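Beneath this line is the structure, given in structure tokens, with notes to follow.
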Amino acid sequence: MQKVSFELNGEFVELNQLLKLVGLCDSGGAGKMIVASGDVKVDGKQELRKTAKIRAGQQVSVGDVRITVVDA
């Protein structure tokens with residue numbers, strides 16, 4: 001499993017934007033399609049809300065990639 005750490009510079013980041021910012025897709029629109037496919041989990045639970053607010057301390061999984069969100 002590939003582990004990625006993302007430094008959060010605000011209160012939250014939208015899920016589709018997070019996928020773009022860590023390089024899993026080329027655009028926010030592509031990120032929305034990944035979320036809609038049902039392949040994204042937040043803290044172990046499937047997340048279908050494309051603009052779900054992801055905060056520091058949460059973990060996002062897509063396939064074999066795990067993104068840990070940390071405070072900057």
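Here, A, B, ... name the chains of the structure tokens in the order displayed, residue numbers run from 1 inside each chain, and ligands are numbered from 1 in the same displayed order.
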
**Request:** as a list in words, list the residues of chain A assigned to alpha helix (DSSP H) by DSSP on the backbone atoms of this structure.
**Result:**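 Alpha helix (DSSP H) members of chain A, listed: Leu15, Asn16, Gln17, Leu18, Leu19, Lys20, Leu21, Gly28, Gly29, Ala30, Gly31, Lys32, Met33, Ile34, Val35 and Ala36 of chain A.
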
**Prompt:** Leaving out Gly29 of chain A and any residue of its chain fewer than 3 positions from it, which residues lie within 9 Å of it when counting only C-alpha atoms, given as a VMD selection string?
**Reply:** chain A and resid 16 to 17 20 25 to 26 32 to 34

Can you write out the residues you just picked, keeping C-alpha atoms, as a PDB file, in the first residue's frame?
ATOM      1  CA  ASN A  16     -12.424  15.855  -4.880  1.00  0.00           C
ATOM      2  CA  GLN A  17      -9.787  18.609  -4.537  1.00  0.00           C
ATOM      3  CA  LYS A  20      -6.293  16.301  -7.331  1.00  0.00           C
ATOM      4  CA  CYS A  25      -6.207  12.674 -10.844  1.00  0.00           C
ATOM      5  CA  ASP A  26      -5.669  15.654 -13.164  1.00  0.00           C
ATOM      6  CA  LYS A  32     -15.582  13.844  -8.565  1.00  0.00           C
ATOM      7  CA  MET A  33     -15.809  10.877 -10.940  1.00  0.00           C
ATOM      8  CA  ILE A  34     -13.501   8.795  -8.716  1.00  0.00           C
TER       9      ILE A  34
END

**Prompt:** Near Phe12 of chain A, within 9 Å and counting only C-alpha atoms, which residues show up once chain neighbours fewer than 2 positions away are dropped, as a list in words?
**Reply:**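 Once the adjacent positions are removed, what remains is Leu8, Asn9, Gly10, Glu14, Lys53, Ile54, Arg55 and Ala56 of chain A.
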
**Request:** Could you tell me, as a ChimeraX atom specification, which residues of segment 20-66 of chain A DSSP assigns to strand (DSSP E or B) when given the backbone?
**Result:** /A:40-42,45-46,53-54,59-62,65-66

Would you mind exporting N, CA and C atoms of the selected residues as a compact mmCIF listing (two decimals), in the first residue's frame?
# COMPACT_ATOMS: atom_id res chain seq x y z
N VAL A 40 -13.77 5.38 -3.02
CA VAL A 40 -13.10 6.21 -2.02
C VAL A 40 -13.67 5.91 -0.63
N LYS A 41 -12.76 5.74 0.33
CA LYS A 41 -13.17 5.55 1.73
C LYS A 41 -12.53 6.64 2.58
N VAL A 42 -13.31 7.17 3.51
CA VAL A 42 -12.81 8.14 4.48
C VAL A 42 -12.94 7.49 5.85
N LYS A 45 -14.81 4.16 5.83
CA LYS A 45 -16.20 4.08 5.37
C LYS A 45 -16.32 4.69 3.98
N GLN A 46 -17.10 4.03 3.12
CA GLN A 46 -17.30 4.54 1.77
C GLN A 46 -17.87 5.95 1.81
N LYS A 53 -16.06 17.48 3.41
CA LYS A 53 -14.99 18.25 4.04
C LYS A 53 -14.04 17.30 4.77
N ILE A 54 -12.80 17.29 4.33
CA ILE A 54 -11.78 16.43 4.93
C ILE A 54 -10.91 17.31 5.82
N GLN A 59 -8.20 9.93 7.38
CA GLN A 59 -7.49 9.14 6.39
C GLN A 59 -8.43 8.85 5.23
N VAL A 60 -7.90 9.02 4.02
CA VAL A 60 -8.67 8.76 2.80
C VAL A 60 -7.97 7.64 2.04
N SER A 61 -8.73 6.62 1.63
CA SER A 61 -8.17 5.50 0.88
C SER A 61 -8.81 5.43 -0.50
N VAL A 62 -7.96 5.24 -1.50
CA VAL A 62 -8.42 5.04 -2.88
C VAL A 62 -7.59 3.90 -3.43
N VAL A 65 -3.90 3.25 -2.29
CA VAL A 65 -3.28 4.49 -1.82
C VAL A 65 -4.01 4.97 -0.57
N ARG A 66 -3.24 5.25 0.49
CA ARG A 66 -3.82 5.80 1.72
C ARG A 66 -3.25 7.20 1.93

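Across the structure, atom CA of Asp64 of chain A and atom CA of Met1 of chain A are spaced 4.9 Å apart.
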
**Request:** May I ask which of the residues A:Ala36, A:Leu24, A:Leu18, A:Ala52 is the closest one to Phe6 of chain A, counting only C-alpha atoms?
**Result:**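 Once distances to Phe6 of chain A are computed over only C-alpha atoms, the minimum belongs to A:Leu18.
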